[in-house]
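Visitor: run.tsv is the file, holding TSV, C-alpha atoms:
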chain	number	residue	atom	x	y	z
A	174	MET	CA	199.31	196.22	99.58
A	175	ARG	CA	199.16	195.13	103.17
A	176	LYS	CA	195.72	194.81	104.71
A	177	LYS	CA	194.78	198.00	106.57
A	178	MET	CA	193.00	197.90	109.90
A	179	ARG	CA	193.09	199.55	113.27
A	180	ARG	CA	195.41	198.11	115.86
A	181	THR	CA	193.26	196.78	118.69
A	182	ALA	CA	193.73	194.63	121.76
A	183	LYS	CA	192.23	191.60	120.01
A	184	TYR	CA	195.48	189.69	120.38
A	185	LEU	CA	195.07	189.81	124.14
A	186	ILE	CA	191.96	187.65	123.84
A	187	ILE	CA	192.99	185.52	120.89
A	188	CYS	CA	196.39	184.61	122.35
A	189	LEU	CA	194.44	182.57	124.89
A	190	LEU	CA	193.29	180.34	122.06
A	191	PHE	CA	196.90	179.32	121.41
A	192	SER	CA	197.17	177.58	124.77
A	193	SER	CA	194.77	174.87	123.60
A	194	LEU	CA	196.94	174.28	120.53
A	195	PHE	CA	200.20	173.63	122.38
A	196	SER	CA	201.39	170.02	122.40
A	197	CYS	CA	204.41	168.37	124.04
A	198	LEU	CA	206.86	168.59	121.16
A	199	PRO	CA	210.46	169.41	122.17
A	200	ALA	CA	211.11	173.13	122.30
A	201	CYS	CA	214.10	175.02	120.93
A	202	GLY	CA	217.25	173.43	119.65
A	203	ALA	CA	220.31	174.99	118.07
A	204	GLY	CA	220.63	176.55	114.66
A	205	GLY	CA	218.27	178.07	112.14
A	206	ALA	CA	219.46	181.69	111.94
A	207	SER	CA	221.92	183.04	109.42
A	208	GLY	CA	224.84	184.99	110.79
A	209	GLY	CA	226.15	188.50	110.37
A	210	SER	CA	228.54	190.64	112.38
A	211	GLY	CA	228.39	193.42	114.91
A	212	GLY	CA	230.50	196.55	115.15
A	213	GLY	CA	232.26	196.66	118.51
A	214	SER	CA	233.64	194.01	120.84
A	215	SER	CA	232.02	191.82	123.47
A	216	ASP	CA	233.25	191.78	127.06
A	217	GLY	CA	233.62	188.01	127.18
A	218	GLY	CA	235.77	185.53	125.30
A	219	GLY	CA	233.42	185.03	122.35
A	220	GLY	CA	234.05	186.39	118.88
A	221	PHE	CA	230.73	188.22	118.50
A	222	GLU	CA	231.36	191.95	118.21
A	223	VAL	CA	228.70	194.02	119.96
A	224	PRO	CA	228.20	197.53	118.55
A	225	GLU	CA	227.61	200.64	120.63
A	226	PHE	CA	224.26	200.72	122.44
A	227	ARG	CA	221.64	202.83	120.66
A	228	ASP	CA	219.32	204.63	123.04
A	229	SER	CA	216.10	206.61	122.53
A	230	VAL	CA	215.95	209.99	124.27
A	231	PHE	CA	213.31	212.65	124.82
A	232	SER	CA	214.30	216.32	124.84
A	233	GLU	CA	211.81	218.59	126.56
A	234	ASP	CA	213.72	221.61	125.25
A	235	ALA	CA	213.29	220.43	121.65
A	236	ALA	CA	209.68	219.31	122.07
A	237	GLU	CA	206.67	221.27	120.82
A	238	GLY	CA	203.02	221.04	121.79
A	239	ASN	CA	200.69	222.56	124.38
A	240	SER	CA	199.74	222.32	128.05
A	241	GLU	CA	198.72	218.66	127.71
A	242	VAL	CA	201.12	217.16	125.22
A	243	LEU	CA	204.72	217.54	124.07
A	244	VAL	CA	206.09	215.91	120.91
A	245	ASP	CA	209.85	215.70	120.27
A	246	THR	CA	210.77	214.98	116.64
A	247	SER	CA	214.36	216.23	116.97
A	248	GLN	CA	215.69	212.67	116.66
A	249	SER	CA	213.70	211.76	113.55
A	250	ASN	CA	216.92	210.98	111.69
A	251	LYS	CA	217.50	208.28	114.32
A	252	GLY	CA	214.18	206.64	113.48
A	253	TYR	CA	211.85	207.71	116.28
A	254	PHE	CA	209.93	210.47	118.02
A	255	GLY	CA	209.05	210.99	121.67
A	256	LEU	CA	205.76	211.99	123.29
A	257	TYR	CA	204.80	213.09	126.79
A	258	CYS	CA	201.18	213.68	127.77
A	259	THR	CA	199.61	214.82	131.05
A	260	SER	CA	195.94	214.59	130.11
A	261	ASP	CA	193.47	212.89	132.44
A	262	LYS	CA	191.59	211.61	129.39
A	263	LYS	CA	192.38	208.58	127.26
A	264	ILE	CA	194.89	209.53	124.57
A	265	LYS	CA	195.81	207.95	121.26
A	266	VAL	CA	198.49	208.99	118.79
A	267	GLN	CA	198.18	208.33	115.07
A	268	VAL	CA	201.16	208.29	112.72
A	269	PHE	CA	200.41	208.73	109.00
A	270	LYS	CA	202.67	208.18	106.01
A	271	ASP	CA	201.35	207.87	102.46
A	272	ASP	CA	198.30	205.58	102.70
A	273	GLU	CA	199.30	203.87	105.96
A	274	VAL	CA	198.40	204.75	109.53
A	275	TYR	CA	199.58	203.40	112.87
A	276	THR	CA	197.41	204.02	115.95
A	277	TYR	CA	198.85	203.72	119.46
A	278	ASP	CA	197.39	203.93	122.96
A	279	VAL	CA	199.35	206.51	124.96
A	280	VAL	CA	200.42	205.97	128.56
A	281	THR	CA	200.11	209.37	130.24
A	282	ASP	CA	202.65	210.92	132.60
A	283	LYS	CA	205.41	208.85	131.05
A	284	VAL	CA	207.68	209.47	128.05
A	285	GLN	CA	206.69	207.22	125.16
A	286	ILE	CA	208.87	206.45	122.12
A	287	TYR	CA	207.39	205.58	118.73
A	288	PRO	CA	209.26	204.47	115.58
A	289	PHE	CA	209.32	205.89	112.08
A	290	GLN	CA	209.22	202.33	110.76
A	291	LEU	CA	207.97	203.26	107.28
A	292	GLY	CA	211.31	204.73	106.23
A	293	ASP	CA	212.14	208.11	104.71
A	294	GLY	CA	209.37	210.51	103.80
A	295	SER	CA	206.70	212.84	105.13
A	296	TYR	CA	204.89	211.86	108.34
A	297	THR	CA	201.89	213.37	110.10
A	298	ILE	CA	201.61	212.87	113.87
A	299	LYS	CA	198.15	213.42	115.39
A	300	VAL	CA	197.53	213.26	119.12
A	301	MET	CA	193.87	212.48	119.82
A	302	LYS	CA	191.94	213.04	123.07
A	303	ASN	CA	188.93	210.98	124.08
A	304	ILE	CA	185.76	213.05	124.34
A	305	THR	CA	183.06	210.46	124.94
A	306	ASP	CA	182.59	206.76	124.21
A	307	ASN	CA	184.77	206.05	121.14
A	308	LYS	CA	184.88	209.65	119.95
A	309	TYR	CA	188.17	211.56	119.88
A	310	SER	CA	189.11	215.13	119.07
A	311	GLU	CA	192.44	216.41	117.80
A	312	LEU	CA	194.62	217.59	120.67
A	313	TYR	CA	197.76	218.35	118.68
A	314	VAL	CA	199.15	217.73	115.20
A	315	THR	CA	202.63	218.10	113.76
A	316	TYR	CA	204.44	217.22	110.56
A	317	VAL	CA	207.97	215.95	110.01
A	318	TYR	CA	210.04	214.90	107.02
A	319	VAL	CA	212.19	211.93	107.98
A	320	GLU	CA	215.61	211.16	106.51
A	321	LEU	CA	217.11	208.23	108.37
A	322	ASP	CA	220.84	208.13	109.03
A	323	ASP	CA	220.51	204.33	109.11
A	324	GLU	CA	217.55	202.46	107.64
A	325	PHE	CA	217.75	199.96	110.53
A	326	ASP	CA	217.60	202.56	113.31
A	327	PRO	CA	213.85	202.18	113.96
A	328	PHE	CA	214.51	198.51	114.75
A	329	LEU	CA	217.69	199.01	116.81
A	330	ARG	CA	216.34	201.33	119.49
A	331	PRO	CA	213.91	201.10	122.41
A	332	ASN	CA	210.29	202.07	121.77
A	333	GLN	CA	206.85	201.50	123.29
A	334	TYR	CA	206.74	197.85	122.22
A	335	ALA	CA	210.37	197.07	123.04
A	336	ASP	CA	211.07	199.20	126.10
A	337	TYR	CA	214.50	198.77	127.69
A	338	THR	CA	217.63	200.64	128.77
A	339	ILE	CA	221.29	199.69	128.90
A	340	ASP	CA	220.73	198.80	132.56
A	341	SER	CA	217.68	196.57	132.02
A	342	ALA	CA	217.93	193.09	133.52
A	343	CYS	CA	217.12	191.46	130.19
A	344	VAL	CA	219.88	193.48	128.50
A	345	LYS	CA	222.35	192.33	131.15
A	346	LYS	CA	221.33	188.75	130.44
A	347	ALA	CA	221.84	189.37	126.74
A	348	ASP	CA	225.36	190.58	127.63
A	349	GLU	CA	226.06	187.09	129.00
A	350	LEU	CA	224.63	185.42	125.92
A	351	ALA	CA	226.69	187.66	123.63
A	352	ALA	CA	229.92	187.10	125.59
A	353	SER	CA	229.85	183.37	124.85
A	354	ALA	CA	228.81	183.72	121.19
A	355	ALA	CA	231.25	183.23	118.35
A	356	ASP	CA	229.25	185.41	115.96
A	357	ALA	CA	225.83	187.05	115.43
A	358	ASN	CA	224.36	183.73	114.36
A	359	GLU	CA	225.28	182.09	117.66
A	360	PHE	CA	224.13	185.11	119.68
A	361	ILE	CA	220.71	185.07	118.01
A	362	THR	CA	220.46	181.34	118.65
A	363	ASN	CA	221.45	181.89	122.30
A	364	VAL	CA	218.75	184.53	122.78
A	365	TYR	CA	215.97	182.50	121.18
A	366	ASN	CA	216.98	179.35	123.01
A	367	TYR	CA	217.05	181.23	126.30
A	368	VAL	CA	213.64	182.87	125.84
A	369	CYS	CA	211.81	179.78	124.66
A	370	LYS	CA	213.30	177.63	127.42
A	371	ASN	CA	212.66	180.10	130.23
A	372	VAL	CA	209.36	181.83	129.44
A	373	LYS	CA	206.06	179.98	129.70
A	374	TYR	CA	202.72	180.94	128.21
A	375	ASP	CA	200.57	182.69	130.82
A	376	LYS	CA	196.97	181.52	130.36
A	377	ASN	CA	195.69	183.58	133.26
A	378	LYS	CA	197.23	186.77	131.90
A	379	ALA	CA	195.77	186.13	128.48
A	380	ALA	CA	192.33	185.73	130.07
A	381	THR	CA	192.48	188.82	132.28
A	382	VAL	CA	194.77	191.38	130.64
A	383	GLN	CA	193.10	194.69	129.77
A	384	SER	CA	192.83	196.59	126.50
A	385	GLY	CA	195.80	198.88	125.87
A	386	TYR	CA	198.30	196.50	127.45
A	387	ILE	CA	201.95	197.44	126.81
A	388	PRO	CA	204.63	194.75	127.27
A	389	GLU	CA	207.53	195.18	129.71
A	390	PRO	CA	210.51	193.02	128.68
A	391	ASP	CA	212.09	193.08	132.13
A	392	GLU	CA	208.87	191.89	133.76
A	393	THR	CA	208.67	188.97	131.32
A	394	TYR	CA	212.33	188.17	131.93
A	395	LYS	CA	211.96	188.25	135.72
A	396	THR	CA	208.63	186.37	135.99
A	397	GLY	CA	209.32	183.85	133.22
A	398	LYS	CA	205.72	184.19	132.01
A	399	GLY	CA	203.95	186.03	129.22
A	400	ILE	CA	201.64	186.09	126.23
A	401	CYS	CA	202.62	186.40	122.58
A	402	ILE	CA	203.51	190.10	122.66
A	403	ASP	CA	205.63	189.55	125.78
A	404	TYR	CA	207.72	186.91	124.01
A	405	ALA	CA	208.22	189.15	120.98
A	406	ALA	CA	209.05	192.27	123.02
A	407	LEU	CA	211.58	190.44	125.21
A	408	ALA	CA	213.38	188.94	122.20
A	409	ALA	CA	213.41	192.34	120.48
A	410	ALA	CA	214.91	194.05	123.55
A	411	MET	CA	217.68	191.47	123.92
A	412	LEU	CA	218.57	191.45	120.22
A	413	ARG	CA	218.23	195.17	119.49
A	414	SER	CA	220.34	196.14	122.48
A	415	HIS	CA	223.17	194.10	120.95
A	416	GLY	CA	223.00	195.41	117.41
A	417	ILE	CA	220.61	192.94	115.73
A	418	PRO	CA	217.83	194.80	113.89
A	419	THR	CA	214.61	193.20	115.14
A	420	LYS	CA	210.95	193.84	114.40
A	421	VAL	CA	207.97	193.16	116.59
A	422	ILE	CA	205.24	192.00	114.21
A	423	PHE	CA	201.50	192.07	114.79
A	424	GLY	CA	199.38	190.11	112.36
A	425	TYR	CA	197.46	186.93	111.75
A	426	VAL	CA	198.47	183.27	111.82
A	427	GLY	CA	196.80	179.88	111.73
A	428	GLU	CA	195.56	177.37	109.20
A	429	ASN	CA	193.52	180.18	107.66
A	430	ALA	CA	195.65	183.06	108.98
A	431	ASP	CA	192.74	184.12	111.17
A	432	LEU	CA	194.22	184.39	114.69
A	433	TYR	CA	195.67	187.74	115.79
A	434	HIS	CA	199.20	187.24	117.06
A	435	ALA	CA	202.68	188.74	117.64
A	436	TRP	CA	206.10	187.45	116.57
A	437	ASN	CA	209.53	188.67	115.39
A	438	MET	CA	211.68	189.28	112.35
A	439	TYR	CA	215.41	189.96	112.53
A	440	TYR	CA	218.11	191.06	110.08
A	441	THR	CA	221.70	190.05	109.40
A	442	GLU	CA	223.91	191.00	106.49
A	443	GLU	CA	224.07	187.44	105.22
A	444	SER	CA	220.40	186.56	105.55
A	445	GLY	CA	218.53	189.83	105.11
A	446	TRP	CA	215.23	190.01	107.00
A	447	VAL	CA	214.38	186.56	108.33
A	448	ALA	CA	210.67	185.85	108.66
A	449	VAL	CA	208.54	182.86	109.62
A	450	GLU	CA	209.17	180.98	106.43
A	451	PHE	CA	210.78	177.73	107.49
A	452	GLU	CA	209.38	174.25	107.89
A	453	VAL	CA	209.03	173.03	111.45
A	454	HIS	CA	211.40	170.22	112.43
A	455	GLU	CA	210.93	168.54	115.77
A	456	GLY	CA	213.59	169.52	118.30
A	457	GLU	CA	215.24	172.14	116.08
A	458	TRP	CA	214.86	175.92	116.30
A	459	ASN	CA	213.92	177.31	112.91
A	460	ARG	CA	211.03	179.63	113.62
A	461	LEU	CA	210.75	183.20	114.83
A	462	ASP	CA	207.47	182.56	116.63
A	463	LEU	CA	208.56	182.20	120.24
A	464	THR	CA	205.05	181.74	121.61
A	465	PHE	CA	204.67	178.50	119.68
A	466	SER	CA	208.28	177.37	119.91
A	467	ALA	CA	208.52	177.83	123.66
A	468	ASN	CA	205.47	175.69	124.26
A	469	GLY	CA	205.52	173.28	121.34
A	470	SER	CA	202.99	173.30	118.50
A	471	ASP	CA	201.54	171.30	115.65
A	472	SER	CA	203.62	171.80	112.49
A	473	ASN	CA	200.49	171.40	110.40
A	474	TYR	CA	198.97	174.33	112.26
A	475	ILE	CA	202.01	176.56	111.79
A	476	GLY	CA	202.54	175.53	108.17
A	477	ASP	CA	205.45	176.80	106.09
A	478	GLY	CA	205.07	180.43	107.10
A	479	SER	CA	202.87	181.42	104.17
A	480	ASN	CA	199.91	181.56	106.57
A	481	TYR	CA	201.45	184.44	108.52
A	482	LEU	CA	199.92	187.77	107.52
A	483	ASP	CA	201.92	190.81	108.60
A	484	VAL	CA	199.75	193.80	109.54
A	485	TYR	CA	201.93	196.02	111.74
A	486	GLN	CA	205.69	196.21	112.30
A	487	PHE	CA	207.26	197.96	115.27
Would you mind writing the file's structure down as structure tokens?

Guide:
Amino acid sequence: MRKKMRRTAKYLIICLLFSSLFSCLPACGAGGASGGSGGGSSDGGGGFEVPEFRDSVFSEDAAEGNSEVLVDTSQSNKGYFGLYCTSDKKIKVQVFKDDEVYTYDVVTDKVQIYPFQLGDGSYTIKVMKNITDNKYSELYVTYVYVELDDEFDPFLRPNQYADYTIDSACVKKADELAASAADANEFITNVYNYVCKNVKYDKNKAATVQSGYIPEPDETYKTGKGICIDYAALAAAMLRSHGIPTKVIFGYVGENADLYHAWNMYYTEESGWVAVEFEVHEGEWNRLDLTFSANGSDSNYIGDGSNYLDVYQF
């Protein structure tokens, strides 16, 4: 059973520790990912087939709630639900299934999308309102039985931790990378090479970012800077928007798996879910940890992937 704990903003502080671990090893090279295939056709001359874009939508007409919160579960078969909250208090939403719980900070006055990443079954959604200090009261609760049309849908659509649209700048860049790719394998390689060559670790952001921070893939793409969650969110947006199921993982890494961190997993038909389970070879891309790969790292520190402890998947 996976270790249970509340999601906090610890990674925002701990990511700063990674900057002292970066060395001058060469960054990404080619190869490392196993290929699959898409379902449509790319606009360029490559052979990679890009399937139809999968969006996440919020329907106010279908939503239920009260004067402060609306929850739309009408698209549960597509792997997500939407939430809109107007409260002037701090809001959290908790998603329960079986013995697992995911807790999210809610951005008010903006539609938020959250995944049903635990697959088919009965979910409880609780919206919690801050009363005082760390005390919350229940603002709204609803229940939904989820039957996914596609088991990969939660990892093929935009959500709070991989927020993008078909018109996002990072998605347009992914269009270019897909157009020149011969297959899914080459597209994945293109995306990871692009991100780790063009995004640098932002020490100042890691030192000053506030609790409850939500990544914005387009901001990371445009500024070329970010912390671990920014790397993972940008890669997820570029890959998901082009039909590659991709997870944003929060968990622990390090010699003793004791540093809170964020990274990716992706899926192809040939490889299944690819995790951080490969040895590190200098100058060759074979990891899914863009924070380390983009900046170089000690292979002894990263290890063979067995020291990565998955806690949350988005």

Visitor: Compile the contact shell of Ser414 in chain A as a PDB file with C-alpha atoms, keeping the file's coordinate frame: residues with an atom at most 8 Å away, counting all atoms listed in the file, same-chain residues fewer than 3 positions apart removed.

Guide:
ATOM      1  CA  PHE A 226     224.260 200.720 122.440  1.00  0.00           C
ATOM      2  CA  ARG A 227     221.640 202.830 120.660  1.00  0.00           C
ATOM      3  CA  LEU A 329     217.690 199.010 116.810  1.00  0.00           C
ATOM      4  CA  ARG A 330     216.340 201.330 119.490  1.00  0.00           C
ATOM      5  CA  ILE A 339     221.290 199.690 128.900  1.00  0.00           C
ATOM      6  CA  VAL A 344     219.880 193.480 128.500  1.00  0.00           C
ATOM      7  CA  ALA A 410     214.910 194.050 123.550  1.00  0.00           C
ATOM      8  CA  MET A 411     217.680 191.470 123.920  1.00  0.00           C
ATOM      9  CA  ILE A 417     220.610 192.940 115.730  1.00  0.00           C
TER      10      ILE A 417
END

Visitor: For Gln290 in chain A, which of A:Asn358, A:Asp326, A:Tyr277, A:Val314 is the closest residue, counting all atoms listed in the file?

Guide: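 Closest residue, counting all atoms listed in the file: A:Asp326.
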
Visitor: Between CA of Asp323 in chain A and CA of Val244 in chain A, what is the distance in Å, rounded to a tenth?

Guide: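 According to the coordinates, CA of Asp323 in chain A and CA of Val244 in chain A are separated by 21.9 Å.
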
Visitor: What is the distance between CA of Thr338 in chain A and CA of Tyr433 in chain A, in Å to one decimal?

Guide: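 Going from CA of Thr338 in chain A over to CA of Tyr433 in chain A, I get 28.6 Å.
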
Visitor: Let me make sure I understand: among A:Gln267, A:Asn332, A:Thr259, A:Thr362, which one has the smallest atom-to-atom distance to Ile387 in chain A if we use all atoms listed in the file?

Guide: A:Asn332

Visitor: Find the residues near Gly238 in chain A: any atom within 12 Å, counting all atoms listed in the file, skip ones fewer than 3 places away on the same chain, and give them as a list in words.

Guide: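 After dropping sequence-adjacent residues, the list is Glu233, Asp234, Ala235, Glu241, Val242, Leu243, Val244, Asp245, Thr246, Gly255, Leu256, Tyr257, Cys258, Thr259, Ile298, Lys299, Val300, Leu312, Tyr313, Val314, Thr315 and Tyr316 of chain A.
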
Visitor: Quick one: of A:Tyr386, A:Phe289, A:Phe360, A:Phe328, who's nearest to Asn437 in chain A, counting all atoms listed in the file?

Guide: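 Selected residue with least distance to Asn437 in chain A: A:Phe328.
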
Visitor: For each of A:Ala357, A:Val382, A:Leu407, A:Val426, take the minimum atom-to-atom distance to Ser444 in chain A, counting all atoms listed in the file, then give the residue where this is smallest.

Guide: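 Looking at the shortest contact to Ser444 in chain A, the residue is A:Ala357.
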
Visitor: Between CA of Ser240 in chain A and CA of Thr305 in chain A, measure the distance and give it in Å to one decimal.

Guide: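 Between CA of Ser240 in chain A and CA of Thr305 in chain A the gap is 20.7 Å.
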
Visitor: Select, from A:Tyr394, A:Leu291, A:Asn307, A:Glu359, the residue with the minimum atom-to-atom distance to Lys345 in chain A, counting only C-alpha atoms.

Guide: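 For Lys345 in chain A, the nearest of the candidates is A:Tyr394.
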
Visitor: Restricting the calculation to only C-alpha atoms: of A:Leu350, A:Ile361, A:Ala335, A:Val266, which residue gets closest to Tyr439 in chain A?

Guide: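 Between A:Leu350, A:Ile361, A:Ala335, A:Val266, the residue approaching Tyr439 in chain A most closely is A:Ile361.
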
Visitor: Can you tell me, as a compact mmCIF listing (two decimals) with C-alpha atoms, in the coordinates of the input, which residues sit within 10 Å of (201.7, 186.0, 128.1) in the file's frame, using only C-alpha atoms?

Guide:
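In the end it all went to selection28.txt:
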# COMPACT_ATOMS: atom_id res chain seq x y z
CA LEU A 185 195.07 189.81 124.14
CA CYS A 188 196.39 184.61 122.35
CA LEU A 189 194.44 182.57 124.89
CA VAL A 372 209.36 181.83 129.44
CA LYS A 373 206.06 179.98 129.70
CA TYR A 374 202.72 180.94 128.21
CA ASP A 375 200.57 182.69 130.82
CA LYS A 376 196.97 181.52 130.36
CA ASN A 377 195.69 183.58 133.26
CA LYS A 378 197.23 186.77 131.90
CA ALA A 379 195.77 186.13 128.48
CA ALA A 380 192.33 185.73 130.07
CA VAL A 382 194.77 191.38 130.64
CA PRO A 388 204.63 194.75 127.27
CA THR A 393 208.67 188.97 131.32
CA GLY A 397 209.32 183.85 133.22
CA LYS A 398 205.72 184.19 132.01
CA GLY A 399 203.95 186.03 129.22
CA ILE A 400 201.64 186.09 126.23
CA CYS A 401 202.62 186.40 122.58
CA ILE A 402 203.51 190.10 122.66
CA ASP A 403 205.63 189.55 125.78
CA TYR A 404 207.72 186.91 124.01
CA THR A 464 205.05 181.74 121.61

Visitor: Determine, counting all atoms listed in the file, which protein, DNA and RNA residues have an atom within 10 Å of an atom of Asp261 in chain A; residues of the same chain fewer than 6 positions away are not included. Present the result as a list in words.

Guide: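 In the requested format, the answer is Glu241, Thr281, Asp282, Lys302 and Asn303 of chain A.
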